[in-house]
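Structure first, commentary second.
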Amino acid sequence: MAPTRVAAVQLAASQDVEANLAACLRLIDEAAAQGAQLIVLPEFCNHLSYYADRAQAHRIATRPGDPFLTAVAERARKHRAYVKINVTHAHPDGRTGGTNFMFGPDGTVLGQCDKQTLMGAENDHLDPAGEVGPVLDTPLGRLGMYACMEGVINEVARGLALRGAQVLLNSLNSFATDEASLHIPVRAAENKVWVVAANKVGPLLPEEHLPRLSAALGVPAEWLHGAGESQIVAPDGTVVAKGPRTGEAVVIADIDPSLADDKRRPDGTDIFAARRPELYAPIAAPPHGRRHPAGAATLPVAIVRGDTATVVRETARAAAAGARLIVTTETDPTLLAAALDGTNAHAVTATPTGPVLLDANGEIARQPVLHPQDPDDLARTVADTPDSPVSLPQSTQDRPGEGGAVHIVELPWGRLAMVAGADSIFPEVFRLAALADADVVAVPFEAGEAWELSLGLPERAAENRLNVIAAAPVEQDSAVFALSADFTLWTAWQGPFTGRISHPVITTVPAGQVSGRADVAPAQAANRQVSRQTDLVDGRPWRLVQALTER
């Protein structure tokens with residue numbers, strides 16, 4: 001396939017629809033002048049996402065064949081380009097959507113779809129999608145469309161990629177700086193697809209109301225501007241082009257969409273073929289809220305790795321120093337249990353069949369590998385899950401099936417899930433842990449690609465509100481991803497506002513260092529409200545995840 005030149009356009013919008021249209025057309029022209037064949041614009045290009053009520057949003061929204069959409073269609077035709085734009089749109093049936101449109105080189109609408117997961121006040125003014133968006137097979141490649149909040153969780157992008165999309169087009173209206181640093185690039189890496197993401201700049205709320213809203217939210221007014229940093233991301237998670245933090249920009253890159261057809265990791269594992277949709281059924285179940293009380297406010301944890309003698313010695317030291325949970329690389333469980341003698345600490349270590357949980361008396365629980373690489377191991381895993389993967393008293397384990405294939409252990413400080421290294425690249429596994437009300441996830445693993453620790457595991461913590469402790473061999477970095485209480489705009493922040501809405505607090509244990517310690521916050525896993533009426537777990541588009549749960 002010949003290289004395709006793509007553009008991510010970042011711009012400011014206001015309540016002046018005509019001025020917004022003029023900005024869109026001007027920047028489409030600029031992108032086309034640079035040779036862009038595919039041009040992606042931000043979310044809500046027609047009007048600020050700020051309305052008095054649902055009726056006003058519907059009244060101001062675009063309509064089929066109106067001057068706004070007609071002008072964009074004519075620009076696509078003029079430049080013989082594909083143009084993706086997102087607007088508030090009044091549908092003939094009375095609904096108002098956050099709608100993505102793809103205009104083809106002849107100016108026709110090739111496809112459209114509404115936003116499936118709405119953010120905060122969008123729930124007051126818009127209607128969520130009732131069906132999944134299309135995957136558009138074009139001469140440039142297979143294209144999928146999504147918008148902003150849909151990229152803060154994994155299901156929408158995952159579904160598009162599973163249905164064959166090679167290039168995902170994300171339109172954003174976000175002030176969150178962790179969009180650019182985490183949520184945008186991880187969708188490329190975890191699905192091995194291209195992502196072209198266009199964000200806003202400038203005020204995201206009416207300028208005359210910024211002082212009042214800033215004071216009400218406790219957020220400096222400058223943080224209520226679009227965060228920019230529109231970007232183009234390769235299938236390995238590399239950002240190949242990125243715009244500035246502020247100001248209009250046209251971000252250009254030449255991409256090869258066919259690279260997204262290779263889903264293999266360096267070890268040869270096909271990340272899509274290795275999926276086990278039969279295990280992911282709870283993702284498609286109706287939301288039920290958290291059923292278990294919050295865990296402890298703070299939990300001291302440690303990561304230990306190295307040869308057997310080092311792991312045993314450092315585990316004993318960490319436990320004696322007060323660590324309550326220690327995650328290690330593969331070590332003889334009997335020796336680890338002895339290292340915990342005289343303490344109330346627990347340890348999780350890797351074994352060939354999956355991680356095990358220990359205390360000073362020995363093994364408490366075992367979690368099998370869910371996505372083994374060996375076909376014979378897979379056959380054994382299918383036979384074993386989900387009914388008999390743990391060997392602990394019924395009083396301390398969940399009822400069979402409550403956590404699906406990921407089983408939860410109730411400990412004095414909260415609820416623990418364990419994830420095997422082979423399972424750690426699958427976002428569905430961590431979603432299952434969140435649905436089972438896990439507070440902390442222990443992950444003894446070995447990274448096969450750089451993105452797994454830099455993007456994948458922090459995103460698993462962020463999108464599910466899970467504390468994640470990831471212990472890799474001493475030759476690699478390890479990290480603890482702890483949840484922060486400073487998470488949502490709807491509660492007061494303890495520290496200064498940083499613009500990072502859901503990014504975890506990271507403590508890195510660098511390669512060559514045999515141990516590291518940190519505190520995590522089990523209680524924070526119960527706080528999933530990223531914005532008013534938007535829950536990171538219950539807000540998943542559970543009715544529309546068939547691509548994830550069906551083979």
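Just so we're on the same page: first chain in the structure tokens is A, next is B, and so on; residues restart at 1 for each chain, and ligands are numbered from 1 in the order they show up.
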*Find the spatial neighbours of region 82-99 of chain A, counting only C-alpha atoms, within a cut-off of 8 Å - ignore same-chain residues fewer than 2 positions away - and output them as an NGL selection string.*
:A and (37-47 or 57-59 or 61-64 or 72 or 76 or 80 or 101-105 or 112-115 or 125-129 or 147 or 169 or 171)
*asked:* So that I can check the surroundings of Asn199 (chain A), please list as a PyMOL selection string every protein, DNA and RNA residue that reaches within 6 Å of it, counting only C-alpha atoms and ignoring chain neighbours fewer than 6 positions away.
replied: chain A and resi 10+42+172-173+228+230
List the spatial neighbours of Gly322 (chain A) as a tab-separated table (two decimals) with N, CA and C atoms, in the first residue's frame - criterion: any atom at most 9 Å away, only C-alpha atoms, same-chain residues fewer than 3 positions off excluded.
chain	number	residue	atom	x	y	z
A	300	PRO	N	1.35	-0.08	51.97
A	300	PRO	CA	2.76	-0.11	51.58
A	300	PRO	C	3.05	-1.38	50.75
A	301	VAL	N	3.69	-1.19	49.62
A	301	VAL	CA	3.97	-2.31	48.72
A	301	VAL	C	5.44	-2.28	48.32
A	317	ARG	N	13.47	-8.31	53.87
A	317	ARG	CA	13.73	-6.93	54.27
A	317	ARG	C	12.50	-6.05	54.07
A	318	ALA	N	11.85	-6.21	52.91
A	318	ALA	CA	10.67	-5.39	52.64
A	318	ALA	C	9.55	-5.67	53.63
A	319	ALA	N	9.35	-6.96	53.93
A	319	ALA	CA	8.29	-7.32	54.88
A	319	ALA	C	8.61	-6.79	56.28
A	343	THR	N	5.74	-11.92	59.90
A	343	THR	CA	5.14	-10.68	59.42
A	343	THR	C	3.71	-10.95	58.96
A	344	ASN	N	2.96	-9.89	58.73
A	344	ASN	CA	1.60	-10.03	58.18
A	344	ASN	C	1.58	-9.72	56.69
A	345	ALA	N	2.75	-9.75	56.05
A	345	ALA	CA	2.85	-9.43	54.63
A	345	ALA	C	2.39	-10.60	53.77
Residues flagged strand (DSSP E or B) by DSSP in region 404-487 of chain A, as a short mmCIF file (atom, residue, chain, number, x, y, z; two decimals) with N, CA and C atoms, in the first residue's frame:
data_model
loop_
_atom_site.label_atom_id
_atom_site.label_comp_id
_atom_site.auth_asym_id
_atom_site.auth_seq_id
_atom_site.Cartn_x
_atom_site.Cartn_y
_atom_site.Cartn_z
N ILE A 408 -10.68 -12.90 42.61
CA ILE A 408 -10.35 -11.87 43.58
C ILE A 408 -10.13 -12.50 44.94
N VAL A 409 -9.10 -12.06 45.63
CA VAL A 409 -8.83 -12.51 46.99
C VAL A 409 -9.08 -11.35 47.94
N GLU A 410 -9.88 -11.61 48.94
CA GLU A 410 -10.21 -10.61 49.95
C GLU A 410 -9.12 -10.63 51.01
N LEU A 411 -8.42 -9.52 51.19
CA LEU A 411 -7.36 -9.42 52.18
C LEU A 411 -7.71 -8.31 53.18
N GLY A 414 -8.06 -4.90 51.50
CA GLY A 414 -8.86 -4.72 50.29
C GLY A 414 -8.85 -5.94 49.41
N ARG A 415 -9.17 -5.75 48.13
CA ARG A 415 -9.39 -6.85 47.20
C ARG A 415 -8.25 -6.90 46.18
N LEU A 416 -7.64 -8.08 46.08
CA LEU A 416 -6.47 -8.28 45.22
C LEU A 416 -6.82 -9.15 44.04
N ALA A 417 -6.37 -8.72 42.85
CA ALA A 417 -6.38 -9.56 41.66
C ALA A 417 -4.93 -9.79 41.25
N MET A 418 -4.69 -10.93 40.60
CA MET A 418 -3.38 -11.23 40.06
C MET A 418 -3.52 -11.44 38.55
N VAL A 440 -6.40 -3.63 43.98
CA VAL A 440 -4.98 -3.72 43.65
C VAL A 440 -4.80 -4.91 42.73
N VAL A 441 -3.92 -4.75 41.72
CA VAL A 441 -3.60 -5.84 40.81
C VAL A 441 -2.09 -6.06 40.84
N ALA A 442 -1.69 -7.29 41.11
CA ALA A 442 -0.28 -7.67 41.10
C ALA A 442 0.04 -8.32 39.77
N VAL A 443 1.11 -7.83 39.12
CA VAL A 443 1.45 -8.28 37.76
C VAL A 443 2.93 -8.64 37.70
N PRO A 444 3.29 -9.90 37.94
CA PRO A 444 4.66 -10.32 37.66
C PRO A 444 4.76 -10.60 36.15
N ASN A 467 -5.00 0.15 41.32
CA ASN A 467 -3.59 0.23 41.69
C ASN A 467 -2.89 -0.98 41.08
N VAL A 468 -1.82 -0.76 40.35
CA VAL A 468 -1.14 -1.85 39.64
C VAL A 468 0.31 -1.90 40.09
N ILE A 469 0.77 -3.08 40.46
CA ILE A 469 2.16 -3.31 40.87
C ILE A 469 2.76 -4.29 39.87
N ALA A 470 3.70 -3.81 39.07
CA ALA A 470 4.23 -4.57 37.94
C ALA A 470 5.70 -4.87 38.15
N ALA A 471 6.01 -6.13 38.39
CA ALA A 471 7.38 -6.56 38.67
C ALA A 471 7.94 -7.30 37.47
N SER A 478 10.68 -1.80 36.31
CA SER A 478 9.41 -2.19 36.92
C SER A 478 8.74 -0.91 37.40
N ALA A 479 7.48 -1.01 37.84
CA ALA A 479 6.81 0.21 38.30
C ALA A 479 5.61 -0.12 39.16
N VAL A 480 5.30 0.82 40.04
CA VAL A 480 4.06 0.83 40.80
C VAL A 480 3.21 1.98 40.27
N PHE A 481 1.96 1.67 39.93
CA PHE A 481 1.02 2.67 39.43
C PHE A 481 -0.07 2.84 40.49
N ALA A 482 0.02 3.93 41.24
CA ALA A 482 -0.88 4.17 42.37
C ALA A 482 -1.94 5.18 41.99
#
*Can you tell me, as a VMD selection string, what residues are no more than 12 Å from Thr308 (chain A) when counting only C-alpha atoms, ignoring any on the same chain fewer than 3 positions away?*
chain A and resid 304 to 305 311 to 315 328 to 336 339 349 473 to 474 514
*Give me the residues within 7 Å of Ala420 (chain A) as a ChimeraX atom specification, counting only C-alpha atoms and dropping any in the same chain fewer than 2 places off.*
/A:354-355,369,418,422-424,443-445
*Identify which of the residues A:Gly306, A:Gly243, A:Pro458, A:Pro235 lies closest to Glu475 (chain A), counting only C-alpha atoms when measuring atom-to-atom distances.*
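That would be A:Gly306, the residue with the smallest distance to Glu475 (chain A).
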*Which residues, written as a PyMOL selection string, have at least one atom at most 12 Å from Glu207 (chain A), with only C-alpha atoms counted and residues fewer than 3 positions away on the same chain left out?*
chain A and resi 13-15+48+50+202-204+210-214+221-222+224-225
Saved selection, atoms kept: N, CA, C and O atoms, as a PDB file, in the first residue's frame:
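File written: out_6.pdb
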ATOM      1  N   ALA A  13     -12.579  26.799  19.068  1.00  0.00           N
ATOM      2  CA  ALA A  13     -13.967  27.051  18.678  1.00  0.00           C
ATOM      3  C   ALA A  13     -14.614  27.940  19.729  1.00  0.00           C
ATOM      4  O   ALA A  13     -14.132  28.052  20.855  1.00  0.00           O
ATOM      5  N   SER A  14     -15.711  28.534  19.352  1.00  0.00           N
ATOM      6  CA  SER A  14     -16.433  29.442  20.248  1.00  0.00           C
ATOM      7  C   SER A  14     -17.929  29.160  20.123  1.00  0.00           C
ATOM      8  O   SER A  14     -18.344  28.134  19.590  1.00  0.00           O
ATOM      9  N   GLN A  15     -18.743  30.103  20.560  1.00  0.00           N
ATOM     10  CA  GLN A  15     -20.195  29.997  20.387  1.00  0.00           C
ATOM     11  C   GLN A  15     -20.657  30.619  19.069  1.00  0.00           C
ATOM     12  O   GLN A  15     -21.850  30.638  18.794  1.00  0.00           O
ATOM     13  N   LEU A  48     -19.063  25.477  21.014  1.00  0.00           N
ATOM     14  CA  LEU A  48     -18.573  25.015  22.313  1.00  0.00           C
ATOM     15  C   LEU A  48     -19.549  24.015  22.917  1.00  0.00           C
ATOM     16  O   LEU A  48     -20.775  24.142  22.755  1.00  0.00           O
ATOM     17  N   TYR A  50     -21.242  23.726  25.457  1.00  0.00           N
ATOM     18  CA  TYR A  50     -21.781  24.499  26.579  1.00  0.00           C
ATOM     19  C   TYR A  50     -23.144  25.005  26.159  1.00  0.00           C
ATOM     20  O   TYR A  50     -23.259  25.809  25.228  1.00  0.00           O
ATOM     21  N   GLY A 202      -7.508  26.709  22.953  1.00  0.00           N
ATOM     22  CA  GLY A 202      -8.387  27.817  23.307  1.00  0.00           C
ATOM     23  C   GLY A 202      -9.409  27.417  24.357  1.00  0.00           C
ATOM     24  O   GLY A 202      -9.515  26.246  24.741  1.00  0.00           O
ATOM     25  N   PRO A 203     -10.196  28.381  24.851  1.00  0.00           N
ATOM     26  CA  PRO A 203     -11.167  28.097  25.905  1.00  0.00           C
ATOM     27  C   PRO A 203     -12.196  27.049  25.464  1.00  0.00           C
ATOM     28  O   PRO A 203     -12.730  27.117  24.360  1.00  0.00           O
ATOM     29  N   LEU A 204     -12.466  26.099  26.367  1.00  0.00           N
ATOM     30  CA  LEU A 204     -13.488  25.080  26.100  1.00  0.00           C
ATOM     31  C   LEU A 204     -14.838  25.476  26.687  1.00  0.00           C
ATOM     32  O   LEU A 204     -15.824  24.751  26.517  1.00  0.00           O
ATOM     33  N   LEU A 210     -15.537  31.993  32.267  1.00  0.00           N
ATOM     34  CA  LEU A 210     -14.365  31.283  32.779  1.00  0.00           C
ATOM     35  C   LEU A 210     -14.032  31.645  34.231  1.00  0.00           C
ATOM     36  O   LEU A 210     -13.762  30.740  35.039  1.00  0.00           O
ATOM     37  N   PRO A 211     -14.038  32.918  34.628  1.00  0.00           N
ATOM     38  CA  PRO A 211     -13.705  33.210  36.029  1.00  0.00           C
ATOM     39  C   PRO A 211     -14.651  32.523  37.014  1.00  0.00           C
ATOM     40  O   PRO A 211     -14.213  31.952  38.019  1.00  0.00           O
ATOM     41  N   ARG A 212     -15.948  32.571  36.712  1.00  0.00           N
ATOM     42  CA  ARG A 212     -16.922  31.937  37.623  1.00  0.00           C
ATOM     43  C   ARG A 212     -16.741  30.429  37.661  1.00  0.00           C
ATOM     44  O   ARG A 212     -16.722  29.818  38.739  1.00  0.00           O
ATOM     45  N   LEU A 213     -16.606  29.802  36.501  1.00  0.00           N
ATOM     46  CA  LEU A 213     -16.471  28.352  36.452  1.00  0.00           C
ATOM     47  C   LEU A 213     -15.141  27.911  37.035  1.00  0.00           C
ATOM     48  O   LEU A 213     -15.062  26.870  37.696  1.00  0.00           O
ATOM     49  N   SER A 214     -14.106  28.688  36.812  1.00  0.00           N
ATOM     50  CA  SER A 214     -12.805  28.374  37.390  1.00  0.00           C
ATOM     51  C   SER A 214     -12.883  28.354  38.912  1.00  0.00           C
ATOM     52  O   SER A 214     -12.378  27.434  39.566  1.00  0.00           O
ATOM     53  N   ALA A 221      -8.124  29.130  35.433  1.00  0.00           N
ATOM     54  CA  ALA A 221      -8.818  29.322  34.155  1.00  0.00           C
ATOM     55  C   ALA A 221      -8.003  28.820  32.970  1.00  0.00           C
ATOM     56  O   ALA A 221      -8.568  28.303  31.999  1.00  0.00           O
ATOM     57  N   GLU A 222      -6.676  28.955  33.043  1.00  0.00           N
ATOM     58  CA  GLU A 222      -5.863  28.522  31.905  1.00  0.00           C
ATOM     59  C   GLU A 222      -5.924  27.014  31.670  1.00  0.00           C
ATOM     60  O   GLU A 222      -5.626  26.542  30.577  1.00  0.00           O
ATOM     61  N   LEU A 224      -8.679  25.371  31.702  1.00  0.00           N
ATOM     62  CA  LEU A 224      -9.955  25.080  31.054  1.00  0.00           C
ATOM     63  C   LEU A 224      -9.887  25.380  29.557  1.00  0.00           C
ATOM     64  O   LEU A 224     -10.894  25.639  28.914  1.00  0.00           O
ATOM     65  N   HIS A 225      -8.696  25.304  29.012  1.00  0.00           N
ATOM     66  CA  HIS A 225      -8.454  25.447  27.585  1.00  0.00           C
ATOM     67  C   HIS A 225      -8.131  24.067  27.002  1.00  0.00           C
ATOM     68  O   HIS A 225      -7.634  23.171  27.704  1.00  0.00           O
TER      69      HIS A 225
END
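In this model, the gap between CA of Val201 (chain A) and CA of Gly111 (chain A) comes to 26.3 Å.
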_From A:Pro277, A:Pro293, A:Pro352, A:Pro427, residue lying nearest Gln546 (chain A) [only C-alpha atoms]_ =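 Smallest separation from Gln546 (chain A) among the options: A:Pro277.
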